[in-house]
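Colleague: My structure is in final-v3.txt, and what it holds is compact mmCIF, C-alpha atoms:
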```txt
# COMPACT_ATOMS: atom_id res chain seq x y z
CA MET A 159 -31.97 -37.60 -19.32
CA ILE A 160 -33.70 -40.38 -21.26
CA ASN A 161 -36.26 -40.52 -18.48
CA THR A 162 -37.04 -36.83 -18.90
CA VAL A 163 -37.47 -37.21 -22.64
CA ILE A 164 -39.89 -40.12 -22.23
CA ARG A 165 -41.82 -38.31 -19.51
CA PHE A 166 -42.29 -35.19 -21.62
CA GLY A 167 -43.15 -37.35 -24.62
CA LEU A 168 -45.98 -38.84 -22.60
CA ILE A 169 -47.11 -35.43 -21.35
CA PHE A 170 -47.07 -34.21 -24.96
CA ILE A 171 -49.26 -37.08 -26.23
CA LEU A 172 -51.61 -36.86 -23.25
CA LEU A 173 -52.14 -33.11 -23.63
CA VAL A 174 -52.69 -33.35 -27.40
CA LEU A 175 -55.26 -36.12 -26.91
CA LEU A 176 -56.95 -34.20 -24.10
CA GLN A 177 -57.15 -31.11 -26.30
CA VAL A 178 -58.31 -32.84 -29.48
CA LEU A 179 -60.73 -35.35 -28.00
CA LEU A 180 -62.13 -33.34 -25.10
CA PHE A 181 -61.50 -29.61 -25.09
CA ASN A 182 -61.93 -29.05 -28.84
CA ASN A 183 -65.42 -30.50 -28.47
CA ILE A 184 -66.42 -28.37 -25.52
CA GLN A 185 -68.51 -25.51 -26.79
CA PHE A 186 -69.78 -23.02 -24.27
CA SER A 187 -71.69 -20.54 -26.42
CA GLY A 188 -68.80 -19.83 -28.80
CA TYR A 189 -67.11 -17.43 -26.42
CA ILE A 190 -65.16 -19.92 -24.37
CA ASN A 191 -62.64 -22.21 -26.05
CA PRO A 192 -60.15 -23.52 -23.52
CA TYR A 193 -56.75 -24.45 -24.94
CA VAL A 194 -55.08 -26.61 -22.35
CA TYR A 195 -52.32 -28.09 -24.55
CA ILE A 196 -50.28 -24.93 -23.90
CA MET A 197 -49.47 -26.58 -20.56
CA PHE A 198 -46.79 -28.59 -22.38
CA ILE A 199 -44.80 -25.40 -22.99
CA LEU A 200 -45.35 -24.36 -19.38
CA LEU A 201 -43.98 -27.57 -17.92
CA LEU A 202 -40.70 -27.91 -19.87
CA PRO A 203 -37.56 -27.63 -17.68
CA ILE A 204 -36.46 -24.10 -16.83
CA GLU A 205 -32.98 -24.51 -18.26
CA ILE A 206 -34.06 -25.96 -21.60
CA PRO A 207 -32.10 -24.36 -24.51
CA ALA A 208 -34.15 -21.64 -26.14
CA TRP A 209 -33.95 -23.14 -29.63
CA LEU A 210 -35.25 -26.50 -28.38
CA LEU A 211 -38.10 -24.75 -26.61
CA LEU A 212 -39.01 -23.01 -29.87
CA VAL A 213 -38.85 -26.22 -31.90
CA LEU A 214 -41.01 -28.11 -29.37
CA SER A 215 -43.52 -25.24 -29.28
CA PHE A 216 -43.65 -25.32 -33.05
CA THR A 217 -44.23 -29.09 -33.02
CA ILE A 218 -47.15 -29.05 -30.61
CA GLY A 219 -48.67 -26.06 -32.40
CA ILE A 220 -48.57 -27.67 -35.83
CA ILE A 221 -50.00 -30.95 -34.49
CA ILE A 222 -52.91 -29.13 -32.88
CA ASP A 223 -53.37 -27.29 -36.19
CA PHE A 224 -53.56 -30.61 -38.05
CA PHE A 225 -56.35 -31.80 -35.83
CA SER A 226 -58.27 -28.54 -35.80
CA GLY A 227 -57.99 -27.92 -39.55
CA SER A 228 -56.65 -24.42 -38.97
CA PRO A 229 -53.19 -24.35 -40.57
CA GLY A 230 -50.73 -22.01 -38.94
CA ILE A 231 -52.84 -20.25 -36.33
CA HIS A 232 -51.92 -22.41 -33.36
CA THR A 233 -48.37 -22.75 -34.63
CA PHE A 234 -47.91 -19.00 -34.64
CA ALA A 235 -49.33 -18.64 -31.13
CA THR A 236 -47.27 -21.47 -29.62
CA VAL A 237 -43.99 -20.32 -31.19
CA LEU A 238 -44.65 -16.86 -29.80
CA SER A 239 -45.36 -18.38 -26.38
CA GLY A 240 -42.15 -20.41 -26.58
CA PHE A 241 -40.24 -17.27 -27.45
CA VAL A 242 -41.55 -15.18 -24.55
CA ARG A 243 -41.41 -17.97 -21.95
CA PRO A 244 -37.79 -17.26 -20.83
CA TYR A 245 -38.68 -13.58 -20.34
CA ILE A 246 -41.78 -14.47 -18.32
CA ILE A 247 -39.75 -16.84 -16.17
CA ARG A 248 -37.33 -13.99 -15.50
CA VAL A 249 -40.15 -11.54 -14.69
CA VAL A 250 -41.98 -13.76 -12.21
CA SER A 251 -38.84 -15.23 -10.60
CA PRO A 252 -39.15 -16.02 -6.87
CA ARG A 253 -37.01 -14.08 -4.40
CA ASP A 254 -34.46 -16.87 -3.97
CA GLY A 255 -34.12 -17.45 -7.70
CA TYR A 256 -34.49 -20.82 -9.36
CA GLU A 257 -32.82 -24.05 -8.35
CA SER A 258 -30.66 -25.40 -11.14
CA GLY A 259 -32.13 -28.30 -13.07
CA SER A 260 -35.66 -27.79 -11.73
CA GLU A 261 -38.95 -27.78 -13.54
CA PRO A 262 -41.56 -25.06 -13.31
CA SER A 263 -44.25 -26.73 -11.23
CA MET A 264 -46.60 -25.82 -8.44
CA GLY A 265 -44.80 -28.22 -6.12
CA ASN A 266 -41.44 -26.50 -6.62
CA TYR A 267 -42.35 -22.82 -6.49
CA GLY A 268 -45.78 -22.57 -4.92
CA PHE A 269 -49.28 -21.76 -6.07
CA LYS A 270 -48.85 -18.00 -6.42
CA TRP A 271 -45.78 -18.28 -8.61
CA PHE A 272 -47.32 -20.96 -10.83
CA PHE A 273 -50.54 -18.99 -11.15
CA SER A 274 -48.93 -15.77 -12.36
CA TYR A 275 -46.58 -17.71 -14.66
CA THR A 276 -49.52 -19.60 -16.21
CA LEU A 277 -51.72 -16.55 -16.47
CA LEU A 278 -49.13 -14.47 -18.34
CA LEU A 279 -48.22 -17.17 -20.82
CA VAL A 280 -51.82 -18.25 -21.49
CA LEU A 281 -52.85 -14.63 -21.96
CA ILE A 282 -50.16 -14.04 -24.58
CA HIS A 283 -50.99 -17.32 -26.34
CA HIS A 284 -54.75 -16.70 -26.39
CA THR A 285 -54.45 -13.06 -27.46
CA SER A 286 -52.31 -13.89 -30.48
CA LEU A 287 -54.43 -16.96 -31.29
CA PHE A 288 -57.84 -15.30 -31.18
CA TYR A 289 -56.90 -12.13 -33.03
CA LEU A 290 -55.11 -14.16 -35.67
CA GLU A 291 -58.15 -16.42 -36.04
CA VAL A 292 -60.50 -13.51 -36.66
CA PHE A 293 -57.85 -11.62 -38.65
CA ARG A 294 -59.62 -8.30 -38.46
CA PHE A 295 -60.01 -5.56 -35.90
CA THR A 296 -63.72 -4.98 -36.29
CA ASP A 297 -65.40 -6.48 -33.24
CA PHE A 298 -62.19 -5.73 -31.33
CA PHE A 299 -63.84 -5.84 -27.94
CA ARG A 300 -65.82 -8.98 -28.60
CA THR A 301 -62.60 -10.80 -29.47
CA LEU A 302 -61.09 -9.33 -26.33
CA LEU A 303 -63.98 -10.76 -24.33
CA ARG A 304 -63.37 -14.16 -25.91
CA VAL A 305 -59.70 -13.92 -25.02
CA ILE A 306 -60.44 -13.06 -21.39
CA LEU A 307 -63.14 -15.68 -20.87
CA SER A 308 -61.13 -18.42 -22.56
CA THR A 309 -58.03 -17.46 -20.58
CA ILE A 310 -59.96 -17.79 -17.32
CA PHE A 311 -61.12 -21.28 -18.28
CA SER A 312 -57.78 -22.46 -19.67
CA VAL A 313 -55.92 -21.26 -16.57
CA THR A 314 -58.50 -22.95 -14.33
CA PHE A 315 -58.16 -26.27 -16.14
CA ILE A 316 -54.37 -26.05 -16.16
CA LEU A 317 -54.30 -25.34 -12.43
CA LEU A 318 -56.64 -28.27 -11.78
CA ILE A 319 -54.44 -30.63 -13.81
CA GLU A 320 -51.32 -29.30 -12.08
CA TYR A 321 -52.97 -29.71 -8.68
CA TYR A 322 -53.82 -33.31 -9.53
CA ARG A 323 -50.27 -33.90 -10.78
CA ARG A 324 -48.80 -32.54 -7.55
CA GLY A 325 -51.10 -34.71 -5.48
CA LYS A 326 -49.90 -37.77 -7.33
CA ASN A 327 -46.18 -37.05 -6.98
CA MET B 294 -16.71 -13.53 -41.38
CA ARG B 295 -16.09 -13.65 -37.67
CA ASN B 296 -18.47 -10.80 -37.16
CA LEU B 297 -21.12 -12.73 -39.01
CA LEU B 298 -20.52 -15.80 -36.86
CA ASN B 299 -20.65 -13.68 -33.73
CA PHE B 300 -23.87 -12.19 -34.91
CA LEU B 301 -25.36 -15.62 -35.61
CA THR B 302 -24.41 -17.09 -32.23
CA ARG B 303 -25.68 -14.04 -30.46
CA TYR B 304 -29.03 -13.92 -32.17
CA ASN B 305 -29.54 -17.58 -33.07
CA ASN B 306 -32.66 -17.90 -30.93
CA LEU B 307 -34.19 -14.85 -32.52
CA ILE B 308 -33.40 -16.32 -35.93
CA VAL B 309 -35.00 -19.69 -35.06
CA PHE B 310 -37.99 -17.77 -33.73
CA LEU B 311 -38.36 -15.69 -36.89
CA VAL B 312 -37.96 -18.71 -39.18
CA LEU B 313 -40.59 -20.73 -37.32
CA GLU B 314 -43.03 -17.78 -37.22
CA GLY B 315 -42.35 -17.32 -40.92
CA ILE B 316 -43.41 -20.91 -41.58
CA ALA B 317 -46.53 -20.39 -39.47
CA LEU B 318 -47.46 -17.22 -41.34
CA TYR B 319 -46.86 -18.99 -44.63
CA LEU B 320 -49.24 -21.76 -43.58
CA ILE B 321 -51.83 -19.21 -42.52
CA SER B 322 -51.63 -17.23 -45.74
CA THR B 323 -51.80 -20.23 -48.08
CA GLY B 324 -54.02 -22.63 -46.24
CA ASN B 325 -56.60 -20.59 -44.46
CA SER B 326 -58.39 -18.80 -47.24
CA TYR B 327 -61.42 -20.51 -48.52
CA GLN B 328 -60.49 -20.41 -52.18
CA ASN B 329 -57.35 -22.32 -51.42
CA ALA B 330 -58.27 -25.27 -49.26
CA LYS B 331 -55.71 -27.57 -50.81
CA LEU B 332 -53.24 -27.52 -47.99
CA LEU B 333 -56.06 -27.92 -45.53
CA ASN B 334 -57.00 -31.01 -47.48
CA ALA B 335 -53.55 -32.52 -47.54
CA VAL B 336 -53.20 -31.94 -43.84
CA ARG B 337 -56.64 -33.28 -43.08
CA GLY B 338 -55.87 -36.42 -45.06
CA MET B 339 -53.50 -37.47 -42.31
CA THR B 340 -56.00 -37.10 -39.51
CA HIS B 341 -59.02 -38.58 -41.28
CA GLY B 342 -58.42 -42.06 -39.90
CA ILE B 343 -58.67 -40.83 -36.34
CA GLU B 344 -61.60 -38.57 -37.07
CA GLN B 345 -63.44 -41.45 -38.69
CA ARG B 346 -62.99 -43.52 -35.56
CA ILE B 347 -64.21 -40.79 -33.23
CA TYR B 348 -67.14 -40.28 -35.52
CA ASN B 349 -68.01 -43.99 -35.62
CA THR B 350 -68.27 -44.11 -31.86
CA SER B 351 -70.31 -40.96 -31.52
CA SER B 352 -72.67 -41.91 -34.35
CA TYR B 353 -73.33 -45.28 -32.73
CA LEU B 354 -74.43 -43.52 -29.57
CA SER B 355 -76.93 -41.34 -31.42
CA LEU B 356 -78.42 -44.00 -33.70
CA HIS B 357 -81.84 -43.66 -32.18
CA GLN B 358 -82.24 -39.96 -32.95
CA ILE B 359 -80.81 -40.44 -36.41
CA ASN B 360 -83.35 -43.16 -37.17
CA GLU B 361 -86.16 -40.91 -36.06
CA ARG B 362 -85.03 -38.10 -38.29
CA LEU B 363 -84.64 -40.39 -41.28
CA ALA B 364 -88.12 -41.74 -40.75
CA GLU B 365 -89.49 -38.20 -40.63
CA GLU B 366 -87.69 -37.32 -43.80
CA ASN B 367 -88.99 -40.47 -45.49
CA VAL B 368 -92.54 -39.51 -44.68
CA ALA B 369 -92.03 -36.02 -46.05
CA LEU B 370 -90.52 -37.37 -49.26
CA LYS B 371 -93.29 -39.91 -49.72
CA ASN B 372 -95.87 -37.18 -49.35
CA ARG B 373 -94.13 -35.07 -51.90
CA MET B 374 -93.86 -37.96 -54.35
CA GLU B 375 -97.57 -38.58 -53.94
CA GLN B 376 -98.31 -34.98 -54.82
CA MET B 377 -96.10 -35.09 -57.89
CA ILE B 378 -97.69 -38.25 -59.24
CA ARG B 379 -101.18 -36.90 -58.70
CA LYS B 380 -100.30 -33.72 -60.47
CA GLU B 381 -98.70 -35.24 -63.51
CA ASN B 382 -100.71 -38.34 -64.19
CA PRO B 383 -104.06 -37.08 -65.53
CA VAL B 384 -102.64 -35.12 -68.46
CA PHE B 385 -99.02 -36.02 -69.06
CA SER B 386 -96.94 -39.10 -68.88
CA SER B 387 -93.78 -38.54 -66.92
CA VAL B 388 -90.63 -38.23 -69.05
CA GLN B 389 -87.13 -38.77 -67.78
CA ASP B 390 -85.38 -35.95 -69.54
CA SER B 391 -82.10 -35.61 -67.77
CA VAL B 392 -80.50 -33.26 -70.29
CA HIS B 393 -82.94 -30.40 -70.28
CA LYS B 394 -85.09 -30.74 -67.24
CA GLN B 395 -82.92 -31.71 -64.37
CA GLN B 396 -81.01 -28.78 -63.00
CA TYR B 397 -79.91 -30.02 -59.62
CA GLN B 398 -78.23 -33.25 -58.78
CA HIS B 399 -78.51 -34.56 -55.23
CA SER B 400 -76.25 -36.90 -53.37
CA SER B 401 -76.27 -37.71 -49.70
CA GLY B 402 -73.36 -37.61 -47.31
CA GLU B 403 -72.54 -37.83 -43.66
CA VAL B 404 -70.73 -35.20 -41.63
CA ILE B 405 -67.77 -36.83 -39.92
CA ASN B 406 -66.16 -33.79 -38.39
CA ASN B 407 -67.73 -30.49 -37.49
CA SER B 408 -67.06 -27.48 -35.34
CA ILE B 409 -69.15 -24.53 -34.31
CA ASN B 410 -66.93 -22.84 -31.76
CA ARG B 411 -64.49 -21.06 -34.06
CA GLN B 412 -64.89 -17.93 -36.12
CA LYS B 413 -64.20 -19.84 -39.32
CA ASN B 414 -65.90 -23.18 -39.06
CA PHE B 415 -65.59 -26.00 -41.57
CA PHE B 416 -67.03 -29.49 -41.61
CA THR B 417 -65.90 -32.68 -43.31
CA ILE B 418 -68.14 -34.97 -45.37
CA ASN B 419 -67.39 -38.64 -46.03
CA LYS B 420 -67.70 -38.37 -49.81
CA GLY B 421 -65.32 -36.90 -52.35
CA GLU B 422 -64.38 -36.68 -56.01
CA LEU B 423 -64.92 -40.40 -56.61
CA GLN B 424 -68.54 -40.00 -55.52
CA GLY B 425 -69.05 -36.99 -57.77
CA ILE B 426 -68.62 -34.20 -55.25
CA LYS B 427 -67.04 -31.04 -56.62
CA VAL B 428 -65.93 -27.71 -55.25
CA ASP B 429 -68.68 -25.06 -55.00
CA MET B 430 -71.52 -27.53 -54.55
CA ALA B 431 -74.16 -26.61 -52.00
CA VAL B 432 -74.60 -28.57 -48.78
CA LEU B 433 -78.05 -28.77 -47.21
CA SER B 434 -79.22 -30.36 -44.01
CA PRO B 435 -82.72 -31.88 -43.87
CA ASP B 436 -83.91 -28.56 -42.39
CA GLY B 437 -82.10 -25.92 -44.41
CA ILE B 438 -78.76 -24.65 -45.66
CA ALA B 439 -75.55 -25.93 -44.14
CA GLY B 440 -72.57 -24.82 -46.23
CA VAL B 441 -70.55 -24.91 -49.45
CA ILE B 442 -67.94 -27.45 -50.54
CA VAL B 443 -64.51 -25.78 -50.65
CA GLY B 444 -62.19 -28.72 -51.16
CA CYS B 445 -62.33 -32.37 -52.21
CA SER B 446 -59.96 -35.26 -51.91
CA LYS B 447 -60.76 -38.68 -53.38
CA ASN B 448 -63.10 -39.81 -50.63
CA PHE B 449 -63.64 -36.77 -48.45
CA SER B 450 -64.72 -33.18 -48.89
CA ILE B 451 -64.45 -30.13 -46.73
CA ALA B 452 -67.30 -27.67 -46.62
CA MET B 453 -67.32 -24.14 -45.33
CA SER B 454 -70.08 -23.97 -42.77
CA VAL B 455 -72.65 -21.17 -42.73
CA LEU B 456 -71.03 -20.49 -39.36
CA ASN B 457 -67.95 -18.99 -40.96
CA ILE B 458 -67.39 -15.26 -41.02
CA ASP B 459 -66.28 -15.56 -44.67
CA PHE B 460 -69.56 -17.18 -45.73
CA LYS B 461 -71.85 -14.92 -47.76
CA LEU B 462 -75.17 -15.78 -49.33
CA SER B 463 -77.82 -13.89 -51.22
CA ALA B 464 -81.10 -14.45 -49.36
CA ARG B 465 -84.58 -12.98 -49.42
CA ILE B 466 -87.64 -12.66 -47.29
CA LYS B 467 -90.15 -15.11 -48.68
CA SER B 468 -93.30 -13.09 -48.05
CA ASN B 469 -92.27 -9.99 -50.01
CA GLY B 470 -89.29 -11.07 -52.12
CA TYR B 471 -86.84 -8.37 -50.97
CA TYR B 472 -83.33 -9.76 -50.99
CA GLY B 473 -80.16 -8.90 -49.14
CA SER B 474 -76.85 -10.30 -48.08
CA LEU B 475 -76.69 -12.99 -45.43
CA GLY B 476 -73.69 -13.83 -43.28
CA TRP B 477 -72.63 -14.96 -39.83
CA ASP B 478 -71.35 -12.40 -37.33
CA GLY B 479 -69.41 -14.97 -35.33
CA ARG B 480 -71.51 -14.68 -32.20
CA ASP B 481 -74.21 -17.29 -31.73
CA TYR B 482 -74.29 -20.53 -33.68
CA ARG B 483 -78.08 -20.35 -33.91
CA TYR B 484 -78.34 -16.96 -35.64
CA VAL B 485 -77.14 -15.32 -38.84
CA ILE B 486 -77.54 -11.72 -39.97
CA LEU B 487 -79.47 -10.60 -43.04
CA SER B 488 -78.50 -7.07 -44.05
CA GLU B 489 -79.26 -4.64 -46.91
CA ILE B 490 -83.02 -4.92 -46.57
CA PRO B 491 -84.40 -1.38 -47.05
CA GLN B 492 -86.39 0.13 -44.21
CA HIS B 493 -89.59 0.71 -46.13
CA VAL B 494 -90.09 -3.03 -46.36
CA ASN B 495 -92.48 -4.65 -43.93
CA VAL B 496 -90.60 -7.18 -41.89
CA SER B 497 -92.20 -9.16 -39.12
CA VAL B 498 -90.87 -11.65 -36.64
CA GLY B 499 -91.36 -15.20 -37.89
CA ASP B 500 -91.04 -14.42 -41.60
CA THR B 501 -89.29 -17.14 -43.57
CA VAL B 502 -85.92 -16.34 -45.13
CA GLU B 503 -84.81 -18.37 -48.16
CA ALA B 504 -81.92 -18.46 -50.65
CA THR B 505 -82.33 -16.56 -53.91
CA GLY B 506 -80.31 -18.77 -56.26
CA PHE B 507 -78.42 -15.76 -57.67
CA SER B 508 -75.08 -17.34 -56.92
CA ALA B 509 -75.91 -20.50 -58.90
CA ILE B 510 -74.72 -22.52 -55.90
CA PHE B 511 -77.83 -22.84 -53.77
CA PRO B 512 -81.09 -23.78 -55.45
CA GLU B 513 -83.70 -21.06 -55.29
CA GLY B 514 -86.04 -21.31 -52.34
CA VAL B 515 -83.90 -23.32 -49.95
CA ILE B 516 -84.94 -22.42 -46.42
CA VAL B 517 -82.42 -20.53 -44.32
CA GLY B 518 -84.47 -19.76 -41.23
CA THR B 519 -86.98 -17.39 -39.72
CA VAL B 520 -86.72 -13.74 -38.68
CA SER B 521 -86.03 -13.61 -34.97
CA ASP B 522 -85.70 -9.86 -34.47
CA TYR B 523 -84.58 -6.77 -36.39
CA GLU B 524 -83.26 -3.30 -35.80
CA LYS B 525 -82.59 -0.18 -37.86
CA VAL B 526 -78.98 0.40 -38.74
CA GLY B 527 -77.80 3.68 -40.18
CA GLY B 528 -80.29 5.53 -42.34
CA ASP B 529 -81.58 3.07 -44.82
CA PHE B 530 -81.31 -0.55 -43.88
CA TYR B 531 -82.50 -3.12 -41.43
CA LYS B 532 -80.20 -5.51 -39.67
CA ILE B 533 -82.25 -8.67 -39.36
CA ARG B 534 -81.32 -11.52 -37.07
CA VAL B 535 -82.34 -14.80 -38.65
CA SER B 536 -82.77 -17.89 -36.54
CA LEU B 537 -81.25 -20.80 -38.48
CA MET B 538 -83.39 -23.85 -39.27
CA THR B 539 -80.34 -26.09 -39.32
CA ASP B 540 -79.08 -27.08 -35.90
CA PHE B 541 -75.33 -27.16 -36.47
CA LYS B 542 -74.75 -28.84 -33.16
CA LYS B 543 -76.33 -32.01 -34.45
CA LEU B 544 -75.56 -31.78 -38.14
CA HIS B 545 -75.25 -35.34 -39.37
CA PHE B 546 -76.86 -36.33 -42.67
CA VAL B 547 -76.53 -33.79 -45.44
CA ASP B 548 -77.53 -33.42 -49.05
CA VAL B 549 -74.87 -32.23 -51.45
CA ILE B 550 -76.40 -30.45 -54.41
CA GLY B 551 -74.67 -29.69 -57.66
CA ASN B 552 -76.13 -27.26 -60.15
CA MET B 553 -75.82 -28.89 -63.57
CA LYS B 554 -76.57 -25.66 -65.39
CA LYS B 555 -74.23 -23.54 -63.35
CA SER B 556 -71.53 -23.14 -65.97
CA GLU B 557 -74.17 -22.18 -68.53
CA GLN B 558 -75.52 -19.45 -66.23
CA LEU B 559 -72.10 -18.14 -65.32
CA GLU B 560 -70.91 -18.02 -68.91
CA LEU B 561 -73.95 -16.09 -69.99
CA GLU B 562 -73.52 -13.67 -67.11
CA LYS B 563 -69.89 -13.18 -68.04
CA LEU B 564 -70.93 -11.99 -71.51
CA SER B 565 -72.92 -9.12 -70.08
CA LYS B 566 -70.06 -7.78 -68.00
```
Can the structure in the file be given as structure tokens, please?

Modeller:
Amino acid sequence: MINTVIRFGLIFILLVLLQVLLFNNIQFSGYINPYVYIMFILLLPIEIPAWLLLVLSFTIGIIIDFFSGSPGIHTFATVLSGFVRPYIIRVVSPRDGYESGSEPSMGNYGFKWFFSYTLLLVLIHHTSLFYLEVFRFTDFFRTLLRVILSTIFSVTFILLIEYYRRGKN
Amino acid sequence: MRNLLNFLTRYNNLIVFLVLEGIALYLISTGNSYQNAKLLNAVRGMTHGIEQRIYNTSSYLSLHQINERLAEENVALKNRMEQMIRKENPVFSSVQDSVHKQQYQHSSGEVINNSINRQKNFFTINKGELQGIKVDMAVLSPDGIAGVIVGCSKNFSIAMSVLNIDFKLSARIKSNGYYGSLGWDGRDYRYVILSEIPQHVNVSVGDTVEATGFSAIFPEGVIVGTVSDYEKVGGDFYKIRVSLMTDFKKLHFVDVIGNMKKSEQLELEKLSK
């Protein structure tokens, strides 16, 4: 139990640092802003109580907001992601169901499962984030393009990190 | 009572969700507008230490380029000083009349945090109220306009970058004096859009675009950029793409300019309304 808490604490710090120091400074033409920190919400244990998931989502969102100087935007998107995560887990569930006490990882449930799980959650997070950032519906399709491109890059980076993590375990 | 408890246990997650989203929306509505940058400031205060450290490292790595730019600027300033002295000396003696003559007050600053990849970009300057920076002062790079101060703490200020979809500026084409409204469309960090220029005006690629000084924030004649291309929009107006002089990707040293006669101008203008 304590072990799990420490491990996720480390993942939390690592992802925040990675996002703030590296990915926030990557600027491909203004259309592509990968947000990899969302991986923290992805990796939390499947059976985590819903309220705890929401509180943790809120925490990582508000910390990213502090560092990006954009109060509330990331917080809103991460809390929404934390809220829909149980539903997504139910939707993409593998045929044999989930083992009790397991974590959603590529090693446990395979590449295809992890990919669709990541894609859905990142898409919801990025859609709410980007539309909230612009806060207007003019240029609807340009924002949509930003959502799609950024989603592709975020998912790619998350899969790469997950692949590396699996290799190490 | 029991019904209420049942209700709460049944929907407690939804309630937590709504409360947390409520806090997020509250933060967005109070902290994100550019008139009200106070919360942004308080929040930024906590992360300044880290930002300063990141900035120290990155500025050390680019010392060479910075030196070159400073040297260039020095040469330009020396030349200008030379011209001034030559002009004034034969007839007049120079008088330091700070009350009536000086309209703009310059102070230098360094950008310690900047972004160009969002729709609403801000940057942070390492000077604040104690160094005489105030809200609504203009920020210029050595090449052209950069932004407007929107919030100050004791030692830091936050400026809204030109690359912010809320940024609006009155600008004109230097060659013919027609003015319009200038703003960023959120696409490319190198270009802004000048609109409301009537179609009978002769516009050509390469024309200089400068600030008008109507807003009493930017001094008149500050360079914005050059016309890169233009198209007709609707019946009457051009939509002109202006290539910015300031390279926001390497914004580092900036001038903060306060208009000492701003309140006088604004008060007078208020009378006529």

Colleague: Could you tell me which residues of chain A sit within 10 Å of chain B when counting all atoms listed in the file, and give me the result as a compact mmCIF listing (two decimals) with C-alpha atoms, in the coordinates of the input?

Modeller:
```
# COMPACT_ATOMS: atom_id res chain seq x y z
CA LEU A 179 -60.73 -35.35 -28.00
CA ASN A 182 -61.93 -29.05 -28.84
CA ASN A 183 -65.42 -30.50 -28.47
CA ILE A 184 -66.42 -28.37 -25.52
CA GLN A 185 -68.51 -25.51 -26.79
CA PHE A 186 -69.78 -23.02 -24.27
CA SER A 187 -71.69 -20.54 -26.42
CA GLY A 188 -68.80 -19.83 -28.80
CA TYR A 189 -67.11 -17.43 -26.42
CA ILE A 190 -65.16 -19.92 -24.37
CA ASN A 191 -62.64 -22.21 -26.05
CA PRO A 207 -32.10 -24.36 -24.51
CA ALA A 208 -34.15 -21.64 -26.14
CA TRP A 209 -33.95 -23.14 -29.63
CA LEU A 210 -35.25 -26.50 -28.38
CA LEU A 211 -38.10 -24.75 -26.61
CA LEU A 212 -39.01 -23.01 -29.87
CA VAL A 213 -38.85 -26.22 -31.90
CA SER A 215 -43.52 -25.24 -29.28
CA PHE A 216 -43.65 -25.32 -33.05
CA GLY A 219 -48.67 -26.06 -32.40
CA ILE A 220 -48.57 -27.67 -35.83
CA ILE A 221 -50.00 -30.95 -34.49
CA ASP A 223 -53.37 -27.29 -36.19
CA PHE A 224 -53.56 -30.61 -38.05
CA PHE A 225 -56.35 -31.80 -35.83
CA SER A 226 -58.27 -28.54 -35.80
CA GLY A 227 -57.99 -27.92 -39.55
CA SER A 228 -56.65 -24.42 -38.97
CA PRO A 229 -53.19 -24.35 -40.57
CA GLY A 230 -50.73 -22.01 -38.94
CA ILE A 231 -52.84 -20.25 -36.33
CA HIS A 232 -51.92 -22.41 -33.36
CA THR A 233 -48.37 -22.75 -34.63
CA PHE A 234 -47.91 -19.00 -34.64
CA ALA A 235 -49.33 -18.64 -31.13
CA THR A 236 -47.27 -21.47 -29.62
CA VAL A 237 -43.99 -20.32 -31.19
CA LEU A 238 -44.65 -16.86 -29.80
CA GLY A 240 -42.15 -20.41 -26.58
CA PHE A 241 -40.24 -17.27 -27.45
CA PHE A 288 -57.84 -15.30 -31.18
CA LEU A 290 -55.11 -14.16 -35.67
CA GLU A 291 -58.15 -16.42 -36.04
CA VAL A 292 -60.50 -13.51 -36.66
CA PHE A 293 -57.85 -11.62 -38.65
CA ASP A 297 -65.40 -6.48 -33.24
CA ARG A 300 -65.82 -8.98 -28.60
CA THR A 301 -62.60 -10.80 -29.47
```

Colleague: Rounded to one decimal in Å, what is the spacing between CA of Val249 in chain A and CA of Tyr275 in chain A?

Modeller: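 Answer for the CA of Val249 in chain A to CA of Tyr275 in chain A separation: 8.9 Å.
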
Colleague: Using all atoms listed in the file, which of A:Ile206, A:Ile310, A:Ile282, A:Ile246 sits nearest Pro192 in chain A?

Modeller: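 Nearest candidate to Pro192 in chain A out of A:Ile206, A:Ile310, A:Ile282, A:Ile246: A:Ile310.
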
Colleague: So what do you get for CA of Lys555 in chain B versus CA of Gly506 in chain B, distance-wise?

Modeller: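 Separating CA of Lys555 in chain B from CA of Gly506 in chain B is a distance of 10.5 Å.
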
Colleague: Have a look at CA of Thr519 in chain B and CA of Phe507 in chain B and let me know their distance in Å, one decimal.

Modeller: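 Interatomic distance, CA of Thr519 in chain B to CA of Phe507 in chain B: 20.0 Å.
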
Colleague: Given only C-alpha atoms as the basis, pick out the residue of B:Val535, B:Leu297, B:Val496, B:Leu363 nearest to Ser434 in chain B.

Modeller: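 Of all the options, B:Leu363 lies closest to Ser434 in chain B.
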
Colleague: Any idea what's packed within 8 Å of range 162-178 of chain A, counting all atoms listed in the file, ignoring anything in its chain fewer than 2 positions away? Could you give it as a ChimeraX atom specification?

Modeller: /A:159-160,180-183,193-195,197-198,202,218,221-222,225-226

Colleague: Give the answer as one residue: which of B:Lys447, B:Ile466, B:Ala431, B:Leu564 has the shortest atom-to-atom distance to Tyr397 in chain B, using all atoms listed in the file?

Modeller: B:Ala431

Colleague: Between B:Ser556, B:Ser446, B:Ser488, B:Ser351, which one has atoms that come closest to Asn419 in chain B, using only C-alpha atoms?

Modeller: B:Ser446

Colleague: Using all atoms listed in the file - which residues lie no farther than 12 Å from the point (-73.2, -37.0, -49.5) in the file's frame? Write them as a ChimeraX atom specification.

Modeller: /B:398-405,417-427,430-434,442,448-452,545-551

Colleague: Fewer than 5 positions away in the same chain doesn't count, so skip those; otherwise give me all residues within 8 Å of Tyr267 in chain A, counting only C-alpha atoms, as a ChimeraX atom specification.

Modeller: /A:252,262,272
